[in-house]
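Visitor: Got my_file-v9.cif for you, mmCIF, N, CA and C atoms:
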```cif
data_model
loop_
_atom_site.label_atom_id
_atom_site.label_comp_id
_atom_site.auth_asym_id
_atom_site.auth_seq_id
_atom_site.Cartn_x
_atom_site.Cartn_y
_atom_site.Cartn_z
N MET A 2 -44.38 -79.18 26.55
CA MET A 2 -43.03 -79.42 26.09
C MET A 2 -42.07 -78.47 26.81
N VAL A 3 -40.99 -79.00 27.32
CA VAL A 3 -40.00 -78.21 28.04
C VAL A 3 -38.98 -77.69 27.04
N PRO A 4 -38.72 -76.36 27.05
CA PRO A 4 -37.70 -75.82 26.15
C PRO A 4 -36.36 -76.51 26.37
N SER A 5 -35.60 -76.66 25.30
CA SER A 5 -34.34 -77.41 25.38
C SER A 5 -33.35 -76.77 26.35
N ARG A 6 -33.38 -75.43 26.50
CA ARG A 6 -32.43 -74.80 27.43
C ARG A 6 -32.75 -75.20 28.87
N ILE A 7 -34.03 -75.35 29.19
CA ILE A 7 -34.39 -75.80 30.54
C ILE A 7 -34.00 -77.27 30.71
N GLU A 8 -34.28 -78.07 29.70
CA GLU A 8 -33.90 -79.49 29.76
C GLU A 8 -32.39 -79.65 29.89
N ASP A 9 -31.62 -78.84 29.15
CA ASP A 9 -30.16 -78.89 29.24
C ASP A 9 -29.69 -78.50 30.63
N ALA A 10 -30.29 -77.46 31.20
CA ALA A 10 -29.92 -77.02 32.54
C ALA A 10 -30.26 -78.09 33.58
N LEU A 11 -31.42 -78.70 33.45
CA LEU A 11 -31.81 -79.78 34.36
C LEU A 11 -30.80 -80.92 34.31
N ARG A 12 -30.47 -81.34 33.10
CA ARG A 12 -29.52 -82.44 32.94
C ARG A 12 -28.17 -82.09 33.56
N ALA A 13 -27.71 -80.85 33.33
CA ALA A 13 -26.41 -80.43 33.86
C ALA A 13 -26.41 -80.47 35.39
N VAL A 14 -27.49 -79.99 36.02
CA VAL A 14 -27.56 -80.00 37.48
C VAL A 14 -27.68 -81.43 37.99
N MET A 15 -28.54 -82.22 37.39
CA MET A 15 -28.77 -83.58 37.87
C MET A 15 -27.55 -84.47 37.68
N ASP A 16 -26.73 -84.17 36.67
CA ASP A 16 -25.53 -84.97 36.41
C ASP A 16 -24.33 -84.52 37.24
N HIS A 17 -24.45 -83.40 37.94
CA HIS A 17 -23.33 -82.88 38.73
C HIS A 17 -23.45 -83.41 40.16
N PRO A 18 -22.45 -84.17 40.62
CA PRO A 18 -22.57 -84.81 41.94
C PRO A 18 -22.57 -83.85 43.13
N HIS A 19 -22.11 -82.62 42.95
CA HIS A 19 -22.04 -81.69 44.08
C HIS A 19 -23.18 -80.69 44.12
N LEU A 20 -24.15 -80.84 43.23
CA LEU A 20 -25.32 -79.97 43.22
C LEU A 20 -26.56 -80.76 43.56
N ARG A 21 -27.48 -80.12 44.23
CA ARG A 21 -28.76 -80.76 44.56
C ARG A 21 -29.87 -79.78 44.21
N LEU A 22 -30.66 -80.13 43.24
CA LEU A 22 -31.78 -79.30 42.83
C LEU A 22 -32.87 -79.42 43.88
N ILE A 23 -33.37 -78.27 44.37
CA ILE A 23 -34.40 -78.30 45.40
C ILE A 23 -35.69 -77.63 44.96
N GLY A 24 -35.66 -76.88 43.84
CA GLY A 24 -36.88 -76.23 43.40
C GLY A 24 -36.65 -75.32 42.22
N PHE A 25 -37.68 -74.51 41.94
CA PHE A 25 -37.64 -73.58 40.83
C PHE A 25 -38.07 -72.20 41.29
N ARG A 26 -37.77 -71.21 40.46
CA ARG A 26 -38.23 -69.84 40.68
C ARG A 26 -39.04 -69.45 39.47
N CYS A 27 -40.16 -68.76 39.71
CA CYS A 27 -40.99 -68.29 38.60
C CYS A 27 -41.76 -67.06 39.06
N SER A 28 -42.46 -66.44 38.14
CA SER A 28 -43.31 -65.31 38.51
C SER A 28 -44.50 -65.84 39.30
N ALA A 29 -45.20 -64.95 39.99
CA ALA A 29 -46.31 -65.36 40.86
C ALA A 29 -47.62 -65.54 40.10
N GLY A 30 -47.62 -65.44 38.80
CA GLY A 30 -48.84 -65.64 38.02
C GLY A 30 -49.27 -67.09 38.00
N SER A 31 -50.57 -67.33 37.91
CA SER A 31 -51.07 -68.70 37.98
C SER A 31 -50.56 -69.57 36.84
N GLY A 32 -50.39 -69.02 35.64
CA GLY A 32 -49.86 -69.80 34.52
C GLY A 32 -48.43 -70.25 34.76
N ALA A 33 -47.61 -69.37 35.32
CA ALA A 33 -46.22 -69.71 35.62
C ALA A 33 -46.15 -70.75 36.73
N ILE A 34 -47.02 -70.62 37.72
CA ILE A 34 -47.05 -71.60 38.81
C ILE A 34 -47.45 -72.96 38.26
N ASP A 35 -48.43 -73.01 37.39
CA ASP A 35 -48.86 -74.26 36.79
C ASP A 35 -47.72 -74.89 36.00
N ASP A 36 -47.00 -74.08 35.22
CA ASP A 36 -45.86 -74.59 34.45
C ASP A 36 -44.77 -75.12 35.38
N ALA A 37 -44.50 -74.40 36.47
CA ALA A 37 -43.45 -74.82 37.40
C ALA A 37 -43.80 -76.14 38.07
N ILE A 38 -45.05 -76.29 38.53
CA ILE A 38 -45.46 -77.54 39.17
C ILE A 38 -45.41 -78.69 38.16
N GLY A 39 -45.82 -78.43 36.92
CA GLY A 39 -45.73 -79.44 35.88
C GLY A 39 -44.29 -79.88 35.65
N LEU A 40 -43.37 -78.92 35.65
CA LEU A 40 -41.96 -79.24 35.47
C LEU A 40 -41.42 -79.98 36.69
N MET A 41 -41.88 -79.60 37.89
CA MET A 41 -41.46 -80.30 39.09
C MET A 41 -41.90 -81.77 39.04
N GLU A 42 -43.10 -82.01 38.53
CA GLU A 42 -43.57 -83.39 38.38
C GLU A 42 -42.72 -84.13 37.35
N ARG A 43 -42.34 -83.45 36.30
CA ARG A 43 -41.50 -84.10 35.29
C ARG A 43 -40.13 -84.48 35.87
N VAL A 44 -39.56 -83.61 36.69
CA VAL A 44 -38.29 -83.92 37.36
C VAL A 44 -38.47 -85.15 38.24
N ARG A 45 -39.58 -85.21 38.97
CA ARG A 45 -39.83 -86.37 39.83
C ARG A 45 -39.95 -87.64 39.01
N ARG A 46 -40.66 -87.57 37.90
CA ARG A 46 -40.87 -88.73 37.04
C ARG A 46 -39.57 -89.15 36.34
N ASP A 47 -38.83 -88.16 35.79
CA ASP A 47 -37.65 -88.48 34.99
C ASP A 47 -36.40 -88.75 35.81
N TYR A 48 -36.26 -88.09 36.96
CA TYR A 48 -35.03 -88.19 37.74
C TYR A 48 -35.23 -88.80 39.13
N GLY A 49 -36.47 -89.04 39.53
CA GLY A 49 -36.74 -89.63 40.83
C GLY A 49 -36.49 -88.68 42.00
N VAL A 50 -36.56 -87.36 41.75
CA VAL A 50 -36.31 -86.35 42.77
C VAL A 50 -37.56 -85.51 42.96
N THR A 51 -38.05 -85.44 44.21
CA THR A 51 -39.19 -84.59 44.52
C THR A 51 -38.66 -83.24 44.98
N LEU A 52 -38.93 -82.20 44.18
CA LEU A 52 -38.49 -80.85 44.52
C LEU A 52 -39.45 -80.27 45.55
N THR A 53 -38.91 -79.55 46.52
CA THR A 53 -39.71 -79.13 47.66
C THR A 53 -39.89 -77.62 47.80
N GLU A 54 -39.25 -76.82 46.93
CA GLU A 54 -39.35 -75.37 47.07
C GLU A 54 -39.75 -74.70 45.76
N LEU A 55 -40.59 -73.69 45.90
CA LEU A 55 -40.98 -72.85 44.77
C LEU A 55 -40.80 -71.40 45.21
N VAL A 56 -39.89 -70.70 44.54
CA VAL A 56 -39.62 -69.30 44.85
C VAL A 56 -40.42 -68.47 43.86
N LEU A 57 -41.30 -67.62 44.38
CA LEU A 57 -42.16 -66.80 43.53
C LEU A 57 -41.72 -65.35 43.57
N GLN A 58 -41.63 -64.75 42.41
CA GLN A 58 -41.32 -63.34 42.29
C GLN A 58 -42.61 -62.58 42.53
N GLU A 59 -42.62 -61.72 43.52
CA GLU A 59 -43.81 -60.96 43.90
C GLU A 59 -44.23 -59.97 42.82
N ASP A 60 -45.50 -59.70 42.79
CA ASP A 60 -46.00 -58.56 42.01
C ASP A 60 -46.81 -57.69 42.97
N ASP A 61 -47.43 -56.67 42.47
CA ASP A 61 -48.10 -55.70 43.34
C ASP A 61 -49.58 -55.99 43.59
N ARG A 62 -50.02 -57.19 43.32
CA ARG A 62 -51.43 -57.51 43.50
C ARG A 62 -51.78 -57.61 44.98
N ALA A 63 -52.88 -57.03 45.34
CA ALA A 63 -53.35 -57.07 46.73
C ALA A 63 -53.79 -58.48 47.11
N ASP A 64 -54.29 -59.25 46.14
CA ASP A 64 -54.81 -60.59 46.42
C ASP A 64 -53.79 -61.68 46.08
N LEU A 65 -52.50 -61.36 46.14
CA LEU A 65 -51.45 -62.29 45.72
C LEU A 65 -51.53 -63.62 46.46
N GLY A 66 -51.68 -63.59 47.78
CA GLY A 66 -51.74 -64.82 48.55
C GLY A 66 -52.87 -65.73 48.11
N GLU A 67 -54.02 -65.15 47.86
CA GLU A 67 -55.18 -65.92 47.41
C GLU A 67 -54.94 -66.51 46.02
N VAL A 68 -54.38 -65.72 45.11
CA VAL A 68 -54.10 -66.18 43.75
C VAL A 68 -53.09 -67.33 43.78
N VAL A 69 -52.03 -67.17 44.56
CA VAL A 69 -50.99 -68.21 44.65
C VAL A 69 -51.56 -69.47 45.28
N ASP A 70 -52.32 -69.33 46.34
CA ASP A 70 -52.90 -70.49 47.02
C ASP A 70 -53.80 -71.29 46.06
N GLU A 71 -54.65 -70.59 45.33
CA GLU A 71 -55.54 -71.25 44.38
C GLU A 71 -54.75 -71.91 43.24
N ALA A 72 -53.76 -71.20 42.72
CA ALA A 72 -52.96 -71.75 41.63
C ALA A 72 -52.19 -72.99 42.07
N LEU A 73 -51.64 -72.96 43.28
CA LEU A 73 -50.93 -74.13 43.79
C LEU A 73 -51.87 -75.31 44.00
N ASP A 74 -53.03 -75.06 44.59
CA ASP A 74 -54.00 -76.14 44.79
C ASP A 74 -54.35 -76.82 43.47
N GLU A 75 -54.66 -76.01 42.46
CA GLU A 75 -55.06 -76.56 41.16
C GLU A 75 -53.91 -77.30 40.48
N ALA A 76 -52.71 -76.68 40.45
CA ALA A 76 -51.57 -77.29 39.76
C ALA A 76 -51.13 -78.57 40.45
N CYS A 77 -51.09 -78.57 41.77
CA CYS A 77 -50.67 -79.76 42.50
C CYS A 77 -51.68 -80.89 42.34
N ALA A 78 -52.95 -80.57 42.37
CA ALA A 78 -53.97 -81.60 42.17
C ALA A 78 -53.89 -82.18 40.75
N ARG A 79 -53.76 -81.31 39.76
CA ARG A 79 -53.71 -81.76 38.36
C ARG A 79 -52.50 -82.66 38.11
N ASN A 80 -51.37 -82.33 38.73
CA ASN A 80 -50.13 -83.08 38.51
C ASN A 80 -49.89 -84.15 39.56
N ARG A 81 -50.82 -84.26 40.53
CA ARG A 81 -50.66 -85.21 41.64
C ARG A 81 -49.28 -85.03 42.27
N TYR A 82 -48.99 -83.78 42.58
CA TYR A 82 -47.68 -83.41 43.12
C TYR A 82 -47.86 -82.83 44.51
N PRO A 83 -46.99 -83.20 45.47
CA PRO A 83 -47.12 -82.66 46.82
C PRO A 83 -46.85 -81.16 46.82
N ARG A 84 -47.60 -80.44 47.60
CA ARG A 84 -47.47 -78.98 47.64
C ARG A 84 -46.09 -78.59 48.17
N PRO A 85 -45.33 -77.78 47.39
CA PRO A 85 -44.00 -77.38 47.83
C PRO A 85 -44.07 -76.21 48.82
N SER A 86 -42.97 -75.98 49.53
CA SER A 86 -42.84 -74.77 50.33
C SER A 86 -42.74 -73.60 49.35
N VAL A 87 -43.30 -72.46 49.73
CA VAL A 87 -43.29 -71.29 48.85
C VAL A 87 -42.52 -70.17 49.53
N VAL A 88 -41.63 -69.56 48.76
CA VAL A 88 -40.86 -68.42 49.22
C VAL A 88 -41.15 -67.27 48.26
N PHE A 89 -41.42 -66.08 48.80
CA PHE A 89 -41.64 -64.91 47.95
C PHE A 89 -40.35 -64.11 47.89
N ALA A 90 -39.95 -63.75 46.68
CA ALA A 90 -38.77 -62.91 46.47
C ALA A 90 -39.24 -61.55 45.98
N GLY A 91 -38.49 -60.51 46.29
CA GLY A 91 -38.94 -59.16 46.01
C GLY A 91 -38.60 -58.59 44.65
N HIS A 92 -37.74 -59.22 43.89
CA HIS A 92 -37.35 -58.66 42.59
C HIS A 92 -38.18 -59.27 41.48
N PRO A 93 -38.55 -58.48 40.47
CA PRO A 93 -39.34 -59.03 39.38
C PRO A 93 -38.59 -60.11 38.63
N ALA A 94 -39.32 -61.11 38.19
CA ALA A 94 -38.73 -62.21 37.44
C ALA A 94 -39.01 -62.05 35.96
N GLU A 95 -38.23 -62.75 35.18
CA GLU A 95 -38.54 -62.85 33.76
C GLU A 95 -39.82 -63.68 33.66
N PRO A 96 -40.59 -63.51 32.60
CA PRO A 96 -41.81 -64.31 32.46
C PRO A 96 -41.48 -65.80 32.41
N GLY A 97 -42.37 -66.58 32.95
CA GLY A 97 -42.22 -68.03 32.89
C GLY A 97 -41.21 -68.54 33.90
N LEU A 98 -40.62 -69.65 33.61
CA LEU A 98 -39.63 -70.26 34.49
C LEU A 98 -38.31 -69.56 34.26
N SER A 99 -37.85 -68.83 35.25
CA SER A 99 -36.69 -67.97 35.00
C SER A 99 -35.38 -68.49 35.57
N ALA A 100 -35.41 -69.41 36.49
CA ALA A 100 -34.14 -69.84 37.06
C ALA A 100 -34.31 -71.18 37.78
N LEU A 101 -33.22 -71.89 37.88
CA LEU A 101 -33.18 -73.08 38.70
C LEU A 101 -32.58 -72.68 40.04
N THR A 102 -33.03 -73.30 41.10
CA THR A 102 -32.50 -73.02 42.42
C THR A 102 -31.63 -74.19 42.81
N GLU A 103 -30.44 -73.91 43.31
CA GLU A 103 -29.55 -74.99 43.71
C GLU A 103 -29.05 -74.75 45.11
N SER A 104 -28.63 -75.82 45.77
CA SER A 104 -28.01 -75.67 47.10
C SER A 104 -26.96 -76.73 47.26
#
```
Could you write out this file's structure as structure tokens?
Guide:
Amino acid sequence: MVPSRIEDALRAVMDHPHLRLIGFRCSAGSGAIDDAIGLMERVRRDYGVTLTELVLQEDDRADLGEVVDEALDEACARNRYPRPSVVFAGHPAEPGLSALTES
């Protein structure tokens, strides 16, 4: 279930003609990545838009690349979603899905 504040934000962006949603930002943990890919699939299903970017907030794990790669493989396969481009950001994120990315 998507929290209503995320659903409200999605609707606001999708209903605005001058904004184009391209992806989400979340923490680099596997649970957050799974939630983000699930939400990306929901956007594709509900709005007909395939989001192509996932911005991950880095943490200090030495095996971060391996963890992210495995989490993306599993989440994309489970949701039958194409693997998005991944960008690492250096500032810590709030837990879970913390922001929408717009361009």
Visitor: Taking the backbone alone, and naming residues the way the document does, which bits of range 10-70 of chain A are strand (DSSP E) by DSSP, as a list in words?
Guide: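 DSSP on the backbone gives strand (DSSP E) at Leu22, Ile23, Gly24, Phe25, Arg26, Cys27, Ser28, Glu54, Leu55, Val56, Leu57 and Gln58 of chain A.
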Visitor: Taking all atoms listed in the file into account, name the residue in A:Phe89, A:Leu40, A:Tyr48, A:Ser31 that is nearest to Glu71 in chain A.
Guide: A:Ser31
Visitor: One number please: CA of Ser5 in chain A to CA of Arg43 in chain A, in Å, one decimal.
Guide: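 Computed distance, CA of Ser5 in chain A to CA of Arg43 in chain A, equals 13.9 Å.
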Visitor: I would like the residues chosen by the PyMOL selection byres (((chain A and resi 50 and name CA) around 12) and name CA) on the shown file; could you give them as a VMD selection string?
Guide: chain A and resid 11 15 21 to 24 40 to 49 51 to 53 82
Visitor: Looking only at the backbone, which of the residues in range 3-104 of chain A does DSSP tag as alpha helix (DSSP H), as an MDAnalysis selection string?
Guide: chainID A and resid 5:16 31:48 65:80
Visitor: Where does the PyMOL selection byres ((chain A and resi 55) around 6) land in this file, that is, which residues does it pick, as JSON, numbers by chain?
Guide: {"A": [24, 25, 26, 53, 54, 56, 57, 85, 86, 87, 88]}
Visitor: For a cutoff of 12 Å around the file-coordinate point (-50.9, -65.8, 46.7), which residues qualify once you count only C-alpha atoms? I'd like the result as a list in words.
Guide: Ser28, Ala29, Gly30, Ser31, Ile34, Val56, Leu57, Gln58, Glu59, Asp60, Asp61, Arg62, Ala63, Asp64, Leu65, Gly66, Glu67, Val68, Val69, Asp70, Glu71, Ala72, Leu73, Asp74, Val87, Val88 and Phe89 of chain A
Visitor: Tell me, in Å to one decimal, how far CA of Ile7 in chain A is from CA of Ala33 in chain A.
Guide: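 Computing it gives 14.2 Å between the two atoms.
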Visitor: What does the distance from CA of Arg81 in chain A to CA of Gly32 in chain A come to in Å, to one decimal?
Guide: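 CA of Gly32 in chain A lies 17.0 Å from CA of Arg81 in chain A.
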